[in-house]
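Visitor: final-v8.cif is reproduced in full below (mmCIF, N, CA and C atoms).
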data_structure
loop_
_atom_site.label_atom_id
_atom_site.label_comp_id
_atom_site.auth_asym_id
_atom_site.auth_seq_id
_atom_site.Cartn_x
_atom_site.Cartn_y
_atom_site.Cartn_z
N MET A 1 -125.52 -32.02 61.94
CA MET A 1 -124.22 -31.94 61.32
C MET A 1 -124.23 -32.56 59.92
N VAL A 2 -124.79 -33.74 59.77
CA VAL A 2 -124.83 -34.40 58.47
C VAL A 2 -125.57 -33.54 57.45
N THR A 3 -126.64 -32.88 57.89
CA THR A 3 -127.42 -32.10 56.95
C THR A 3 -126.61 -30.95 56.36
N SER A 4 -125.86 -30.24 57.18
CA SER A 4 -125.10 -29.11 56.64
C SER A 4 -123.96 -29.61 55.74
N LEU A 5 -123.35 -30.72 56.09
CA LEU A 5 -122.28 -31.27 55.25
C LEU A 5 -122.81 -31.74 53.90
N ALA A 6 -123.94 -32.43 53.89
CA ALA A 6 -124.52 -32.91 52.64
C ALA A 6 -124.94 -31.73 51.76
N ARG A 7 -125.54 -30.71 52.37
CA ARG A 7 -125.94 -29.52 51.62
C ARG A 7 -124.72 -28.87 50.98
N GLN A 8 -123.68 -28.64 51.78
CA GLN A 8 -122.48 -28.01 51.26
C GLN A 8 -121.83 -28.85 50.16
N ALA A 9 -121.83 -30.16 50.33
CA ALA A 9 -121.24 -31.03 49.32
C ALA A 9 -121.96 -30.88 47.98
N VAL A 10 -123.28 -30.86 48.01
CA VAL A 10 -124.05 -30.73 46.76
C VAL A 10 -123.78 -29.39 46.10
N ILE A 11 -123.73 -28.34 46.88
CA ILE A 11 -123.49 -27.01 46.32
C ILE A 11 -122.09 -26.92 45.72
N ILE A 12 -121.10 -27.45 46.43
CA ILE A 12 -119.73 -27.43 45.91
C ILE A 12 -119.62 -28.30 44.66
N LYS A 13 -120.18 -29.50 44.70
CA LYS A 13 -120.10 -30.42 43.56
C LYS A 13 -120.79 -29.86 42.33
N SER A 14 -121.83 -29.06 42.52
CA SER A 14 -122.54 -28.49 41.38
C SER A 14 -121.69 -27.49 40.61
N GLY A 15 -120.60 -27.08 41.20
CA GLY A 15 -119.69 -26.16 40.53
C GLY A 15 -118.54 -26.85 39.81
N ASN A 16 -118.57 -28.19 39.77
CA ASN A 16 -117.46 -28.95 39.20
C ASN A 16 -117.98 -29.97 38.20
N ASP A 17 -117.41 -30.00 37.03
CA ASP A 17 -117.85 -30.91 35.96
C ASP A 17 -117.62 -32.39 36.26
N THR A 18 -116.70 -32.71 37.13
CA THR A 18 -116.35 -34.12 37.34
C THR A 18 -116.91 -34.71 38.62
N SER A 19 -117.75 -34.00 39.32
CA SER A 19 -118.29 -34.48 40.60
C SER A 19 -119.43 -35.47 40.42
N ILE A 20 -119.62 -36.29 41.45
CA ILE A 20 -120.74 -37.22 41.52
C ILE A 20 -121.33 -37.17 42.93
N LEU A 21 -122.58 -37.56 43.04
CA LEU A 21 -123.18 -37.70 44.36
C LEU A 21 -122.65 -38.98 44.98
N THR A 22 -122.40 -38.95 46.28
CA THR A 22 -121.78 -40.11 46.92
C THR A 22 -122.65 -40.74 47.99
N GLY A 23 -123.90 -40.35 48.09
CA GLY A 23 -124.75 -40.98 49.07
C GLY A 23 -126.18 -40.48 49.01
N ASN A 24 -127.05 -41.22 49.68
CA ASN A 24 -128.46 -40.86 49.72
C ASN A 24 -128.70 -39.52 50.40
N TYR A 25 -127.82 -39.12 51.33
CA TYR A 25 -128.00 -37.83 51.99
C TYR A 25 -127.87 -36.70 50.97
N GLU A 26 -126.84 -36.76 50.15
CA GLU A 26 -126.67 -35.76 49.10
C GLU A 26 -127.83 -35.82 48.11
N LEU A 27 -128.25 -37.02 47.75
CA LEU A 27 -129.36 -37.16 46.81
C LEU A 27 -130.64 -36.55 47.37
N ALA A 28 -130.92 -36.80 48.64
CA ALA A 28 -132.15 -36.27 49.25
C ALA A 28 -132.17 -34.74 49.17
N TYR A 29 -131.06 -34.10 49.53
CA TYR A 29 -131.00 -32.64 49.42
C TYR A 29 -131.14 -32.20 47.96
N ALA A 30 -130.42 -32.88 47.06
CA ALA A 30 -130.45 -32.51 45.65
C ALA A 30 -131.86 -32.62 45.08
N LEU A 31 -132.59 -33.67 45.44
CA LEU A 31 -133.95 -33.84 44.94
C LEU A 31 -134.86 -32.74 45.46
N GLY A 32 -134.74 -32.41 46.73
CA GLY A 32 -135.53 -31.32 47.29
C GLY A 32 -135.19 -30.00 46.63
N PHE A 33 -133.91 -29.76 46.42
CA PHE A 33 -133.46 -28.53 45.79
C PHE A 33 -133.97 -28.43 44.36
N LEU A 34 -133.85 -29.51 43.58
CA LEU A 34 -134.35 -29.50 42.21
C LEU A 34 -135.86 -29.24 42.17
N ALA A 35 -136.59 -29.90 43.05
CA ALA A 35 -138.04 -29.69 43.10
C ALA A 35 -138.35 -28.24 43.44
N ASN A 36 -137.63 -27.68 44.40
CA ASN A 36 -137.82 -26.30 44.82
C ASN A 36 -137.56 -25.34 43.66
N GLN A 37 -136.45 -25.52 42.98
CA GLN A 37 -136.04 -24.60 41.93
C GLN A 37 -136.87 -24.72 40.65
N THR A 38 -137.55 -25.84 40.46
CA THR A 38 -138.30 -26.06 39.22
C THR A 38 -139.81 -26.11 39.43
N GLY A 39 -140.27 -26.01 40.67
CA GLY A 39 -141.70 -26.00 40.95
C GLY A 39 -142.37 -27.37 40.96
N ILE A 40 -141.59 -28.42 41.09
CA ILE A 40 -142.15 -29.78 41.16
C ILE A 40 -142.66 -30.02 42.58
N SER A 41 -143.87 -30.52 42.68
CA SER A 41 -144.41 -30.80 44.01
C SER A 41 -144.00 -32.21 44.46
N ILE A 42 -143.71 -32.32 45.74
CA ILE A 42 -143.29 -33.57 46.35
C ILE A 42 -144.43 -34.05 47.25
N PRO A 43 -144.81 -35.32 47.13
CA PRO A 43 -145.88 -35.82 47.99
C PRO A 43 -145.47 -35.85 49.46
N GLU A 44 -146.42 -35.62 50.33
CA GLU A 44 -146.19 -35.69 51.77
C GLU A 44 -146.09 -37.13 52.21
N GLY A 45 -145.48 -37.36 53.36
CA GLY A 45 -145.46 -38.70 53.94
C GLY A 45 -144.24 -39.51 53.56
N ASP A 46 -144.36 -40.81 53.72
CA ASP A 46 -143.24 -41.72 53.45
C ASP A 46 -142.82 -41.64 52.00
N VAL A 47 -141.52 -41.74 51.79
CA VAL A 47 -140.95 -41.58 50.46
C VAL A 47 -140.05 -42.77 50.15
N GLU A 48 -140.15 -43.26 48.94
CA GLU A 48 -139.16 -44.20 48.41
C GLU A 48 -138.22 -43.34 47.58
N ILE A 49 -136.96 -43.28 47.97
CA ILE A 49 -136.04 -42.34 47.34
C ILE A 49 -135.87 -42.61 45.84
N ARG A 50 -135.87 -43.87 45.44
CA ARG A 50 -135.74 -44.19 44.01
C ARG A 50 -136.97 -43.68 43.25
N ASP A 51 -138.16 -43.86 43.82
CA ASP A 51 -139.38 -43.37 43.18
C ASP A 51 -139.36 -41.85 43.05
N LEU A 52 -138.89 -41.19 44.09
CA LEU A 52 -138.81 -39.73 44.06
C LEU A 52 -137.80 -39.27 43.01
N GLN A 53 -136.67 -39.94 42.94
CA GLN A 53 -135.66 -39.63 41.93
C GLN A 53 -136.26 -39.79 40.53
N GLU A 54 -136.93 -40.90 40.29
CA GLU A 54 -137.53 -41.15 38.98
C GLU A 54 -138.58 -40.12 38.64
N ARG A 55 -139.39 -39.76 39.62
CA ARG A 55 -140.45 -38.77 39.39
C ARG A 55 -139.86 -37.42 38.99
N ILE A 56 -138.86 -36.97 39.72
CA ILE A 56 -138.25 -35.68 39.41
C ILE A 56 -137.54 -35.72 38.06
N LEU A 57 -136.82 -36.79 37.79
CA LEU A 57 -136.16 -36.90 36.49
C LEU A 57 -137.16 -36.93 35.34
N GLU A 58 -138.28 -37.60 35.53
CA GLU A 58 -139.34 -37.63 34.51
C GLU A 58 -139.89 -36.23 34.27
N GLU A 59 -140.15 -35.50 35.35
CA GLU A 59 -140.68 -34.13 35.23
C GLU A 59 -139.70 -33.20 34.51
N LEU A 60 -138.41 -33.46 34.67
CA LEU A 60 -137.39 -32.56 34.11
C LEU A 60 -136.79 -33.03 32.80
N LYS A 61 -137.24 -34.17 32.28
CA LYS A 61 -136.56 -34.74 31.11
C LYS A 61 -136.62 -33.87 29.87
N ASN A 62 -137.63 -33.04 29.71
CA ASN A 62 -137.73 -32.20 28.52
C ASN A 62 -137.48 -30.72 28.81
N LYS A 63 -136.96 -30.43 30.00
CA LYS A 63 -136.70 -29.04 30.36
C LYS A 63 -135.22 -28.74 30.20
N THR A 64 -134.93 -27.49 29.87
CA THR A 64 -133.55 -27.04 29.73
C THR A 64 -133.32 -25.86 30.65
N THR A 65 -132.06 -25.61 30.94
CA THR A 65 -131.70 -24.47 31.76
C THR A 65 -130.38 -23.90 31.27
N GLU A 66 -130.22 -22.62 31.44
CA GLU A 66 -128.97 -21.96 31.11
C GLU A 66 -127.99 -22.03 32.28
N ASP A 67 -128.48 -22.39 33.46
CA ASP A 67 -127.65 -22.43 34.66
C ASP A 67 -126.79 -23.69 34.65
N GLU A 68 -125.50 -23.51 34.50
CA GLU A 68 -124.57 -24.64 34.43
C GLU A 68 -124.60 -25.48 35.71
N ARG A 69 -124.77 -24.85 36.85
CA ARG A 69 -124.82 -25.59 38.12
C ARG A 69 -126.03 -26.51 38.15
N MET A 70 -127.16 -26.03 37.66
CA MET A 70 -128.36 -26.87 37.63
C MET A 70 -128.17 -28.04 36.67
N ARG A 71 -127.52 -27.81 35.55
CA ARG A 71 -127.24 -28.91 34.61
C ARG A 71 -126.34 -29.96 35.24
N ARG A 72 -125.32 -29.51 35.95
CA ARG A 72 -124.42 -30.45 36.63
C ARG A 72 -125.17 -31.24 37.71
N LEU A 73 -125.99 -30.53 38.47
CA LEU A 73 -126.75 -31.18 39.53
C LEU A 73 -127.69 -32.23 38.94
N LEU A 74 -128.36 -31.89 37.89
CA LEU A 74 -129.26 -32.83 37.23
C LEU A 74 -128.50 -34.05 36.70
N ARG A 75 -127.33 -33.83 36.14
CA ARG A 75 -126.51 -34.95 35.66
C ARG A 75 -126.12 -35.86 36.82
N MET A 76 -125.73 -35.27 37.94
CA MET A 76 -125.35 -36.07 39.10
C MET A 76 -126.52 -36.90 39.62
N VAL A 77 -127.70 -36.30 39.64
CA VAL A 77 -128.90 -37.02 40.10
C VAL A 77 -129.22 -38.16 39.14
N ARG A 78 -129.07 -37.93 37.83
CA ARG A 78 -129.32 -38.99 36.85
C ARG A 78 -128.37 -40.18 37.03
N LEU A 79 -127.12 -39.88 37.35
CA LEU A 79 -126.11 -40.92 37.44
C LEU A 79 -126.15 -41.71 38.75
N TYR A 80 -126.73 -41.14 39.79
CA TYR A 80 -126.68 -41.77 41.11
C TYR A 80 -127.70 -42.90 41.22
N ASN A 81 -127.25 -44.04 41.73
CA ASN A 81 -128.10 -45.20 41.97
C ASN A 81 -128.34 -45.30 43.48
N PRO A 82 -129.51 -44.87 43.97
CA PRO A 82 -129.71 -44.80 45.41
C PRO A 82 -129.89 -46.16 46.08
N ASP A 83 -129.47 -46.20 47.31
CA ASP A 83 -129.75 -47.32 48.19
C ASP A 83 -131.20 -47.15 48.63
N PRO A 84 -131.97 -48.21 48.81
CA PRO A 84 -133.37 -48.04 49.21
C PRO A 84 -133.55 -47.53 50.64
N ALA A 85 -132.48 -47.47 51.41
CA ALA A 85 -132.59 -47.01 52.80
C ALA A 85 -133.08 -45.56 52.86
N TRP A 86 -133.86 -45.27 53.88
CA TRP A 86 -134.37 -43.91 54.10
C TRP A 86 -134.40 -43.68 55.59
N ASP A 87 -133.91 -42.53 56.05
CA ASP A 87 -133.95 -42.25 57.48
C ASP A 87 -134.36 -40.80 57.73
N ALA A 88 -134.42 -40.44 58.99
CA ALA A 88 -134.90 -39.11 59.38
C ALA A 88 -134.01 -38.00 58.84
N GLN A 89 -132.70 -38.22 58.77
CA GLN A 89 -131.82 -37.17 58.25
C GLN A 89 -132.02 -36.96 56.75
N MET A 90 -132.32 -38.02 56.04
CA MET A 90 -132.61 -37.87 54.61
C MET A 90 -133.91 -37.07 54.43
N ALA A 91 -134.90 -37.37 55.24
CA ALA A 91 -136.16 -36.61 55.19
C ALA A 91 -135.90 -35.14 55.51
N GLU A 92 -135.04 -34.89 56.48
CA GLU A 92 -134.70 -33.52 56.84
C GLU A 92 -133.98 -32.82 55.68
N LEU A 93 -133.07 -33.52 55.01
CA LEU A 93 -132.37 -32.95 53.86
C LEU A 93 -133.31 -32.67 52.70
N LEU A 94 -134.26 -33.56 52.47
CA LEU A 94 -135.26 -33.32 51.43
C LEU A 94 -136.03 -32.04 51.74
N ARG A 95 -136.48 -31.90 52.98
CA ARG A 95 -137.20 -30.68 53.40
C ARG A 95 -136.32 -29.44 53.28
N LEU A 96 -135.05 -29.59 53.64
CA LEU A 96 -134.11 -28.46 53.54
C LEU A 96 -133.99 -28.00 52.09
N GLY A 97 -133.83 -28.95 51.18
CA GLY A 97 -133.77 -28.60 49.76
C GLY A 97 -135.05 -27.96 49.26
N LEU A 98 -136.18 -28.49 49.74
CA LEU A 98 -137.49 -27.94 49.33
C LEU A 98 -137.69 -26.50 49.82
N SER A 99 -137.06 -26.16 50.92
CA SER A 99 -137.26 -24.82 51.49
C SER A 99 -136.08 -23.89 51.26
N GLU A 100 -135.13 -24.32 50.44
CA GLU A 100 -133.91 -23.53 50.20
C GLU A 100 -134.26 -22.14 49.70
N LYS A 101 -133.75 -21.15 50.39
CA LYS A 101 -134.00 -19.76 50.00
C LYS A 101 -132.74 -19.08 49.46
N CYS A 102 -131.61 -19.70 49.63
CA CYS A 102 -130.34 -19.12 49.19
C CYS A 102 -129.62 -20.11 48.28
N PRO A 103 -130.15 -20.37 47.11
CA PRO A 103 -129.49 -21.34 46.24
C PRO A 103 -128.05 -20.93 45.96
N TRP A 104 -127.23 -21.94 45.98
CA TRP A 104 -125.81 -21.83 45.66
C TRP A 104 -125.02 -21.04 46.68
N ASP A 105 -125.62 -20.71 47.80
CA ASP A 105 -124.90 -19.99 48.84
C ASP A 105 -124.26 -20.99 49.79
N PHE A 106 -122.97 -21.12 49.72
CA PHE A 106 -122.23 -22.08 50.54
C PHE A 106 -122.34 -21.76 52.02
N HIS A 107 -122.29 -20.50 52.37
CA HIS A 107 -122.27 -20.07 53.77
C HIS A 107 -123.62 -19.50 54.19
N ARG A 108 -124.65 -20.25 53.94
CA ARG A 108 -125.99 -19.79 54.26
C ARG A 108 -126.12 -19.53 55.76
N ALA A 109 -126.83 -18.49 56.10
CA ALA A 109 -127.05 -18.15 57.51
C ALA A 109 -128.00 -19.11 58.19
#
Would you mind writing the file's structure down as structure tokens?

Guide:
Amino acid sequence: MVTSLARQAVIIKSGNDTSILTGNYELAYALGFLANQTGISIPEGDVEIRDLQERILEELKNKTTEDERMRRLLRMVRLYNPDPAWDAQMAELLRLGLSEKCPWDFHRA
């Protein structure tokens, strides 16, 4: 349940200029999604969410996109200060973002 809510929240928030990420669950999905959409590889195994956030932001710092939703998502990821906690649902959300086949589809099958 948490995974589908976090996924939907990120997709909805990416369509709004004033949205922010509100938790590590949303961040985990967002990081996986950004990596998926931009071709960034994510290391296997245990993850420190702050390290992963920094790595993805570093990889994307000189890249531009015409997609307004991606720009908003990237801004939200830059602004979010993650808690160091990591759990199985966050790992699942990261994997979900990494395997996303229907970007921006709110009602994914």

Visitor: Quick one: which residues end up in the PyMOL selection byres (((chain A and resi 83 and name CA) around 10) and name CA) for this structure, as a PyMOL selection string?

Guide: chain A and resi 23-24+48-50+80-82+84-86

Visitor: Using only C-alpha atoms, give me every residue within 12 Å of (-129.2, -42.6, 41.4) in file coordinates, as a PyMOL selection string.

Guide: chain A and resi 20-28+30-31+49-54+56-57+73-84

Visitor: With N, CA and C atoms retained, could you export that selection as a short mmCIF file (atom, residue, chain, number, x, y, z; two decimals), in the frame of the given file?

Guide:
data_model
loop_
_atom_site.label_atom_id
_atom_site.label_comp_id
_atom_site.auth_asym_id
_atom_site.auth_seq_id
_atom_site.Cartn_x
_atom_site.Cartn_y
_atom_site.Cartn_z
N ILE A 20 -119.62 -36.29 41.45
CA ILE A 20 -120.74 -37.22 41.52
C ILE A 20 -121.33 -37.17 42.93
N LEU A 21 -122.58 -37.56 43.04
CA LEU A 21 -123.18 -37.70 44.36
C LEU A 21 -122.65 -38.98 44.98
N THR A 22 -122.40 -38.95 46.28
CA THR A 22 -121.78 -40.11 46.92
C THR A 22 -122.65 -40.74 47.99
N GLY A 23 -123.90 -40.35 48.09
CA GLY A 23 -124.75 -40.98 49.07
C GLY A 23 -126.18 -40.48 49.01
N ASN A 24 -127.05 -41.22 49.68
CA ASN A 24 -128.46 -40.86 49.72
C ASN A 24 -128.70 -39.52 50.40
N TYR A 25 -127.82 -39.12 51.33
CA TYR A 25 -128.00 -37.83 51.99
C TYR A 25 -127.87 -36.70 50.97
N GLU A 26 -126.84 -36.76 50.15
CA GLU A 26 -126.67 -35.76 49.10
C GLU A 26 -127.83 -35.82 48.11
N LEU A 27 -128.25 -37.02 47.75
CA LEU A 27 -129.36 -37.16 46.81
C LEU A 27 -130.64 -36.55 47.37
N ALA A 28 -130.92 -36.80 48.64
CA ALA A 28 -132.15 -36.27 49.25
C ALA A 28 -132.17 -34.74 49.17
N ALA A 30 -130.42 -32.88 47.06
CA ALA A 30 -130.45 -32.51 45.65
C ALA A 30 -131.86 -32.62 45.08
N LEU A 31 -132.59 -33.67 45.44
CA LEU A 31 -133.95 -33.84 44.94
C LEU A 31 -134.86 -32.74 45.46
N ILE A 49 -136.96 -43.28 47.97
CA ILE A 49 -136.04 -42.34 47.34
C ILE A 49 -135.87 -42.61 45.84
N ARG A 50 -135.87 -43.87 45.44
CA ARG A 50 -135.74 -44.19 44.01
C ARG A 50 -136.97 -43.68 43.25
N ASP A 51 -138.16 -43.86 43.82
CA ASP A 51 -139.38 -43.37 43.18
C ASP A 51 -139.36 -41.85 43.05
N LEU A 52 -138.89 -41.19 44.09
CA LEU A 52 -138.81 -39.73 44.06
C LEU A 52 -137.80 -39.27 43.01
N GLN A 53 -136.67 -39.94 42.94
CA GLN A 53 -135.66 -39.63 41.93
C GLN A 53 -136.26 -39.79 40.53
N GLU A 54 -136.93 -40.90 40.29
CA GLU A 54 -137.53 -41.15 38.98
C GLU A 54 -138.58 -40.12 38.64
N ILE A 56 -138.86 -36.97 39.72
CA ILE A 56 -138.25 -35.68 39.41
C ILE A 56 -137.54 -35.72 38.06
N LEU A 57 -136.82 -36.79 37.79
CA LEU A 57 -136.16 -36.90 36.49
C LEU A 57 -137.16 -36.93 35.34
N LEU A 73 -125.99 -30.53 38.47
CA LEU A 73 -126.75 -31.18 39.53
C LEU A 73 -127.69 -32.23 38.94
N LEU A 74 -128.36 -31.89 37.89
CA LEU A 74 -129.26 -32.83 37.23
C LEU A 74 -128.50 -34.05 36.70
N ARG A 75 -127.33 -33.83 36.14
CA ARG A 75 -126.51 -34.95 35.66
C ARG A 75 -126.12 -35.86 36.82
N MET A 76 -125.73 -35.27 37.94
CA MET A 76 -125.35 -36.07 39.10
C MET A 76 -126.52 -36.90 39.62
N VAL A 77 -127.70 -36.30 39.64
CA VAL A 77 -128.90 -37.02 40.10
C VAL A 77 -129.22 -38.16 39.14
N ARG A 78 -129.07 -37.93 37.83
CA ARG A 78 -129.32 -38.99 36.85
C ARG A 78 -128.37 -40.18 37.03
N LEU A 79 -127.12 -39.88 37.35
CA LEU A 79 -126.11 -40.92 37.44
C LEU A 79 -126.15 -41.71 38.75
N TYR A 80 -126.73 -41.14 39.79
CA TYR A 80 -126.68 -41.77 41.11
C TYR A 80 -127.70 -42.90 41.22
N ASN A 81 -127.25 -44.04 41.73
CA ASN A 81 -128.10 -45.20 41.97
C ASN A 81 -128.34 -45.30 43.48
N PRO A 82 -129.51 -44.87 43.97
CA PRO A 82 -129.71 -44.80 45.41
C PRO A 82 -129.89 -46.16 46.08
N ASP A 83 -129.47 -46.20 47.31
CA ASP A 83 -129.75 -47.32 48.19
C ASP A 83 -131.20 -47.15 48.63
N PRO A 84 -131.97 -48.21 48.81
CA PRO A 84 -133.37 -48.04 49.21
C PRO A 84 -133.55 -47.53 50.64
#

Visitor: Measuring between only C-alpha atoms, which one of A:Tyr29, A:Gly15, A:Thr64, A:Arg55 shows the shortest distance to Ser41 of chain A?

Guide: A:Arg55

Visitor: Atom CA of Gly32 of chain A to atom CA of Val10 of chain A: how many Å, to one decimal?

Guide: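 Interatomic distance, atom CA of Gly32 of chain A to atom CA of Val10 of chain A: 11.5 Å.
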
Visitor: Could you work out how far atom C of Ser14 of chain A lies from atom CA of Arg69 of chain A, giving the answer in Å with one decimal?

Guide: 4.4 Å

Visitor: Output as lines of an AutoDock Vina configuration file the centre and edge lengths (Å, one decimal) of the box along x, y and z of the file that holds every listed atom of segment 38-53 of chain A after adding 5 Å on each side.

Guide:
center_x = -141.0
center_y = -35.0
center_z = 46.6
size_x = 20.8
size_y = 28.4
size_z = 24.7

Visitor: Can you tell me how far atom CA of Thr3 of chain A sits from atom CA of Leu93 of chain A, in Å to one decimal?

Guide: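 About the pair atom CA of Thr3 of chain A and atom CA of Leu93 of chain A: they are 5.9 Å apart.
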
Visitor: How would segment 89-98 of chain A read, as a tab-separated table (two decimals), in the coordinates of the input, once all heavy atoms are built in?

Guide:
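Contents of the output file out09.tsv:
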chain	number	residue	atom	x	y	z
A	89	GLN	N	-132.70	-38.22	58.77
A	89	GLN	CA	-131.82	-37.17	58.25
A	89	GLN	C	-132.02	-36.96	56.75
A	89	GLN	O	-131.92	-35.83	56.27
A	89	GLN	CB	-130.36	-37.49	58.56
A	89	GLN	CG	-130.03	-37.24	60.03
A	89	GLN	CD	-128.57	-37.43	60.32
A	89	GLN	OE1	-127.95	-38.36	59.82
A	89	GLN	NE2	-128.02	-36.54	61.12
A	90	MET	N	-132.32	-38.02	56.04
A	90	MET	CA	-132.61	-37.87	54.61
A	90	MET	C	-133.91	-37.07	54.43
A	90	MET	O	-133.98	-36.20	53.56
A	90	MET	CB	-132.71	-39.22	53.93
A	90	MET	CG	-131.39	-39.91	53.78
A	90	MET	SD	-131.63	-41.53	53.05
A	90	MET	CE	-130.39	-42.45	53.94
A	91	ALA	N	-134.90	-37.37	55.24
A	91	ALA	CA	-136.16	-36.61	55.19
A	91	ALA	C	-135.90	-35.14	55.51
A	91	ALA	O	-136.46	-34.24	54.87
A	91	ALA	CB	-137.18	-37.21	56.15
A	92	GLU	N	-135.04	-34.89	56.48
A	92	GLU	CA	-134.70	-33.52	56.84
A	92	GLU	C	-133.98	-32.82	55.68
A	92	GLU	O	-134.25	-31.65	55.38
A	92	GLU	CB	-133.81	-33.51	58.08
A	92	GLU	CG	-133.45	-32.13	58.57
A	92	GLU	CD	-132.58	-32.15	59.82
A	92	GLU	OE1	-132.47	-33.19	60.48
A	92	GLU	OE2	-132.01	-31.09	60.12
A	93	LEU	N	-133.07	-33.52	55.01
A	93	LEU	CA	-132.37	-32.95	53.86
A	93	LEU	C	-133.31	-32.67	52.70
A	93	LEU	O	-133.17	-31.66	52.01
A	93	LEU	CB	-131.22	-33.87	53.43
A	93	LEU	CG	-129.98	-33.74	54.31
A	93	LEU	CD1	-129.13	-34.99	54.25
A	93	LEU	CD2	-129.19	-32.51	53.89
A	94	LEU	N	-134.26	-33.56	52.47
A	94	LEU	CA	-135.26	-33.32	51.43
A	94	LEU	C	-136.03	-32.04	51.74
A	94	LEU	O	-136.18	-31.17	50.88
A	94	LEU	CB	-136.21	-34.51	51.32
A	94	LEU	CG	-137.33	-34.38	50.31
A	94	LEU	CD1	-136.79	-34.28	48.88
A	94	LEU	CD2	-138.29	-35.55	50.43
A	95	ARG	N	-136.48	-31.90	52.98
A	95	ARG	CA	-137.20	-30.68	53.40
A	95	ARG	C	-136.32	-29.44	53.28
A	95	ARG	O	-136.79	-28.37	52.87
A	95	ARG	CB	-137.73	-30.83	54.82
A	95	ARG	CG	-138.93	-31.74	54.95
A	95	ARG	CD	-139.57	-31.67	56.33
A	95	ARG	NE	-138.65	-31.99	57.41
A	95	ARG	CZ	-138.38	-33.21	57.85
A	95	ARG	NH1	-138.97	-34.24	57.31
A	95	ARG	NH2	-137.53	-33.39	58.85
A	96	LEU	N	-135.05	-29.59	53.64
A	96	LEU	CA	-134.11	-28.46	53.54
A	96	LEU	C	-133.99	-28.00	52.09
A	96	LEU	O	-134.03	-26.82	51.80
A	96	LEU	CB	-132.74	-28.86	54.10
A	96	LEU	CG	-131.65	-27.81	54.12
A	96	LEU	CD1	-132.04	-26.64	55.02
A	96	LEU	CD2	-130.35	-28.42	54.59
A	97	GLY	N	-133.83	-28.95	51.18
A	97	GLY	CA	-133.77	-28.60	49.76
A	97	GLY	C	-135.05	-27.96	49.26
A	97	GLY	O	-135.03	-27.00	48.49
A	98	LEU	N	-136.18	-28.49	49.74
A	98	LEU	CA	-137.49	-27.94	49.33
A	98	LEU	C	-137.69	-26.50	49.82
A	98	LEU	O	-138.41	-25.73	49.18
A	98	LEU	CB	-138.62	-28.82	49.86
A	98	LEU	CG	-138.82	-30.14	49.14
A	98	LEU	CD1	-139.75	-31.04	49.94
A	98	LEU	CD2	-139.36	-29.90	47.74
